[in-house]
Amino acid sequence: MTSSAIIPYSIEPVASLPTDNNLAEALLGSMAEYGSQLHGRRIWLACSGGRDSLALAALCVQLYYQGRLPFLPQLLHVDHGLQADSRQWAAHVANWARTQQIPCHILHAKVSGHNEQAARQARYDVMRAHMNQNDVLLLAHHADDQAETILMRLIQGAGVNGLSGMQPWRIQTQGTHRIVLWRPWLTIQRANISAYAKRLKLSYIDDPTNKSGDNVRSGLRRDIMPALMKYNPNVIDNITRSAQLLTDAEVTVRTQAAQDMQQVAIHSLQLLPAQRVLDIDKLKALPEYRQRQLLHYWLGQDEPLPPAKQLIDDVLGLSQRKDHDHQTALFWQGRKHSYTIRRYRQQLYRLSTEWLAWLNTPLTDQIGLFDCESLGTASTAVTLRTNKDFVWQLHIRLQSLASLLDMHKVEKTHKTILKITPLDRQQRLNTALSTRPQSGKKLFQTLGIPFWLRGSLVVVSVASIHHERELPLLLVSPFERWVLKIDESLINPINLSDILDRVVIDALNVNIT
């Protein structure tokens, strides 16, 4: 039984049929522009079986067999089961591909929700999972799609980035996995593609929801675009040209924001993408319009979609506050992750929810026993806290530890205990920043430790198994470490700081995607 949505032409080979010069020039011109990036990559074509994607697949077949296209893309068709005839549509695409002798893969996706956005996300997720690193996904988006996208974003109050529309070549990342989205037809109008499909008698799928759907894009396509065409028949070309101009402007804005972020970011406190930090004093030194651009760029790092203007305004207001309230928190639900934005003193933090959850995991005491005579040149790793997203380890250089024990006059026959314990609020330590020992509670203030990091400070100490007295060496956080003062009457203080600095190496690894 054939679906009524399939245009009732018989499926015939298209390789020897006439091509369309405009469509071919757009594809080949784009290929020439991105030729160096395309070289050596596998090319896939997202094929719903609709008019646009099937026309692009047909053109690729024709140009390939004419020797004008150096590759034949593999088709990816996603069946997400939202339409009653979806199985028939998948079988139809596979049959058409078989006739054209072009590889085709039918993928299945589960959609969380019933709207077009959820279906689109599921479609891209399953195609991305099927593709290898740096593969290219060829898409049939055209000038009409571009005009609709820009109008949608204009209605939603988008800025320069959103109003620049879809890009012809865009790298898309999901965790460490990276693919390229390639759209060579963004300057081609739907009418040109329709005429080409009609000449070829393509048996494409005319999805009824494209016109009758209740989403914003369907409404624009059905009601708004025809009305705009009456006022100006060149409206699609004009909107497309505006998108190209805004793309140039967006590159300028983004370049300036990236340069500003290099100057304003506190790189020593960053753990990407979990924690990003800005210096508020340096942020305030910029003109306000560049502060907004920088916050827009900074917040949107690691996310496919930019933050809303209201969030930018709220974060800017948080950075400009003159009080000492460090409890205010702003929340942002991004597409990939959720974040909390906080201010502590003159630092602005963007913290992922996964990172904050990891920081709340309790630390436990770590105790190791070493033989001084066999310390040698080796090192040992002590895992302080770990989960599927983050691993925090201290790497102890045993040779440096041995040098420290020599200074501490520990006999080589003695066993040595290495202790790593969470800093207690009442524990008193003396750092180089203070003239006398301070409690842990006071040290949080002296060292400027934000409250969400205070459960992640540990004290590294050593002791001989034959002596009760412990020698505290270092206070360590995931980002910093502080040398602890030692009674200089007990040891030779020469080069003490250098040796202490070599004893412990931090290693905080991120596995989050």
# chains A, B, ... in the order shown; residues from 1 in each chain; ligands from 1

$ residues_around --residues "Thr247 of chain A" --least-positions-apart "3" --cutoff "12 Å" --atoms "only C-alpha atoms" --output "list of chain:residue names"
A:Ile150, A:Gly159, A:Val160, A:Asn161, A:Gly162, A:Leu163, A:Ser164, A:Gly165, A:Met166, A:Gln167, A:Pro168, A:Thr240, A:Arg241, A:Ser242, A:Ala243, A:Gln244, A:Glu250, A:Val251, A:Thr252, A:Val253, A:Arg254

$ write_last_selection --atoms "N, CA, C and O atoms" --output "PDB file, in the first residue's frame"
ATOM      1  N   ILE A 150      14.977  33.449   9.951  1.00  0.00           N
ATOM      2  CA  ILE A 150      15.299  34.808  10.413  1.00  0.00           C
ATOM      3  C   ILE A 150      14.053  35.503  10.945  1.00  0.00           C
ATOM      4  O   ILE A 150      14.109  36.195  11.985  1.00  0.00           O
ATOM      5  N   GLY A 159      19.396  38.573  18.662  1.00  0.00           N
ATOM      6  CA  GLY A 159      20.401  39.582  18.365  1.00  0.00           C
ATOM      7  C   GLY A 159      21.095  39.297  17.051  1.00  0.00           C
ATOM      8  O   GLY A 159      20.583  38.555  16.202  1.00  0.00           O
ATOM      9  N   VAL A 160      22.288  39.878  16.894  1.00  0.00           N
ATOM     10  CA  VAL A 160      23.021  39.747  15.637  1.00  0.00           C
ATOM     11  C   VAL A 160      23.302  38.290  15.310  1.00  0.00           C
ATOM     12  O   VAL A 160      23.169  37.858  14.155  1.00  0.00           O
ATOM     13  N   ASN A 161      23.669  37.514  16.317  1.00  0.00           N
ATOM     14  CA  ASN A 161      23.995  36.109  16.094  1.00  0.00           C
ATOM     15  C   ASN A 161      22.794  35.346  15.536  1.00  0.00           C
ATOM     16  O   ASN A 161      22.901  34.638  14.524  1.00  0.00           O
ATOM     17  N   GLY A 162      21.637  35.501  16.170  1.00  0.00           N
ATOM     18  CA  GLY A 162      20.448  34.788  15.709  1.00  0.00           C
ATOM     19  C   GLY A 162      19.960  35.276  14.357  1.00  0.00           C
ATOM     20  O   GLY A 162      19.533  34.475  13.511  1.00  0.00           O
ATOM     21  N   LEU A 163      20.032  36.594  14.127  1.00  0.00           N
ATOM     22  CA  LEU A 163      19.516  37.153  12.879  1.00  0.00           C
ATOM     23  C   LEU A 163      20.448  36.918  11.696  1.00  0.00           C
ATOM     24  O   LEU A 163      20.069  37.196  10.556  1.00  0.00           O
ATOM     25  N   SER A 164      21.640  36.410  11.949  1.00  0.00           N
ATOM     26  CA  SER A 164      22.505  36.039  10.823  1.00  0.00           C
ATOM     27  C   SER A 164      22.067  34.729  10.193  1.00  0.00           C
ATOM     28  O   SER A 164      22.563  34.336   9.132  1.00  0.00           O
ATOM     29  N   GLY A 165      21.116  34.041  10.841  1.00  0.00           N
ATOM     30  CA  GLY A 165      20.497  32.867  10.242  1.00  0.00           C
ATOM     31  C   GLY A 165      21.384  31.635  10.259  1.00  0.00           C
ATOM     32  O   GLY A 165      22.380  31.547  10.985  1.00  0.00           O
ATOM     33  N   MET A 166      21.009  30.668   9.413  1.00  0.00           N
ATOM     34  CA  MET A 166      21.787  29.440   9.279  1.00  0.00           C
ATOM     35  C   MET A 166      23.056  29.728   8.490  1.00  0.00           C
ATOM     36  O   MET A 166      23.055  30.535   7.561  1.00  0.00           O
ATOM     37  N   GLN A 167      24.134  29.044   8.859  1.00  0.00           N
ATOM     38  CA  GLN A 167      25.415  29.250   8.185  1.00  0.00           C
ATOM     39  C   GLN A 167      25.657  28.128   7.170  1.00  0.00           C
ATOM     40  O   GLN A 167      25.288  26.973   7.403  1.00  0.00           O
ATOM     41  N   PRO A 168      26.297  28.453   6.039  1.00  0.00           N
ATOM     42  CA  PRO A 168      26.544  27.412   5.033  1.00  0.00           C
ATOM     43  C   PRO A 168      27.510  26.330   5.505  1.00  0.00           C
ATOM     44  O   PRO A 168      27.456  25.202   5.006  1.00  0.00           O
ATOM     45  N   THR A 240      17.711  37.140   2.655  1.00  0.00           N
ATOM     46  CA  THR A 240      18.939  36.350   2.556  1.00  0.00           C
ATOM     47  C   THR A 240      20.160  37.258   2.516  1.00  0.00           C
ATOM     48  O   THR A 240      21.186  36.971   3.163  1.00  0.00           O
ATOM     49  N   ARG A 241      20.060  38.360   1.775  1.00  0.00           N
ATOM     50  CA  ARG A 241      21.180  39.303   1.708  1.00  0.00           C
ATOM     51  C   ARG A 241      21.429  39.940   3.079  1.00  0.00           C
ATOM     52  O   ARG A 241      22.578  40.101   3.511  1.00  0.00           O
ATOM     53  N   SER A 242      20.353  40.277   3.777  1.00  0.00           N
ATOM     54  CA  SER A 242      20.503  40.835   5.122  1.00  0.00           C
ATOM     55  C   SER A 242      21.203  39.836   6.046  1.00  0.00           C
ATOM     56  O   SER A 242      22.043  40.214   6.878  1.00  0.00           O
ATOM     57  N   ALA A 243      20.856  38.558   5.914  1.00  0.00           N
ATOM     58  CA  ALA A 243      21.497  37.524   6.735  1.00  0.00           C
ATOM     59  C   ALA A 243      22.995  37.466   6.470  1.00  0.00           C
ATOM     60  O   ALA A 243      23.798  37.303   7.401  1.00  0.00           O
ATOM     61  N   GLN A 244      23.378  37.607   5.202  1.00  0.00           N
ATOM     62  CA  GLN A 244      24.802  37.579   4.877  1.00  0.00           C
ATOM     63  C   GLN A 244      25.532  38.781   5.474  1.00  0.00           C
ATOM     64  O   GLN A 244      26.649  38.658   5.985  1.00  0.00           O
ATOM     65  N   GLU A 250      28.312  39.794  12.729  1.00  0.00           N
ATOM     66  CA  GLU A 250      28.413  38.868  13.864  1.00  0.00           C
ATOM     67  C   GLU A 250      29.845  38.387  14.047  1.00  0.00           C
ATOM     68  O   GLU A 250      30.324  38.228  15.174  1.00  0.00           O
ATOM     69  N   VAL A 251      30.565  38.169  12.929  1.00  0.00           N
ATOM     70  CA  VAL A 251      31.971  37.758  13.015  1.00  0.00           C
ATOM     71  C   VAL A 251      32.794  38.844  13.702  1.00  0.00           C
ATOM     72  O   VAL A 251      33.645  38.561  14.557  1.00  0.00           O
ATOM     73  N   THR A 252      32.513  40.110  13.351  1.00  0.00           N
ATOM     74  CA  THR A 252      33.227  41.229  13.968  1.00  0.00           C
ATOM     75  C   THR A 252      32.948  41.283  15.470  1.00  0.00           C
ATOM     76  O   THR A 252      33.871  41.432  16.290  1.00  0.00           O
ATOM     77  N   VAL A 253      31.678  41.154  15.843  1.00  0.00           N
ATOM     78  CA  VAL A 253      31.293  41.197  17.257  1.00  0.00           C
ATOM     79  C   VAL A 253      31.919  40.028  18.016  1.00  0.00           C
ATOM     80  O   VAL A 253      32.461  40.196  19.121  1.00  0.00           O
ATOM     81  N   ARG A 254      31.859  38.849  17.425  1.00  0.00           N
ATOM     82  CA  ARG A 254      32.392  37.657  18.093  1.00  0.00           C
ATOM     83  C   ARG A 254      33.911  37.751  18.261  1.00  0.00           C
ATOM     84  O   ARG A 254      34.452  37.358  19.305  1.00  0.00           O
TER      85      ARG A 254
END

$ closest_residue --among "A:Ile6, A:Ala308, A:Leu63, A:Leu474" --to "Asn21 of chain A" --atoms "only C-alpha atoms"
A:Leu63

$ select_by_dssp --residues "segment 286-394 of chain A" --states "helix (DSSP H, G or I)" --output "ChimeraX atom specification"
/A:288-300,309-320,353-359,372-374

$ closest_residue --among "A:Asp325, A:Asp144, A:Asp85, A:Asp79" --to "Val126 of chain A" --atoms "only C-alpha atoms"
A:Asp79

$ closest_residue --among "A:Leu359, A:Arg436, A:Ala329, A:Phe71" --to "Gly40 of chain A" --atoms "only C-alpha atoms"
A:Phe71
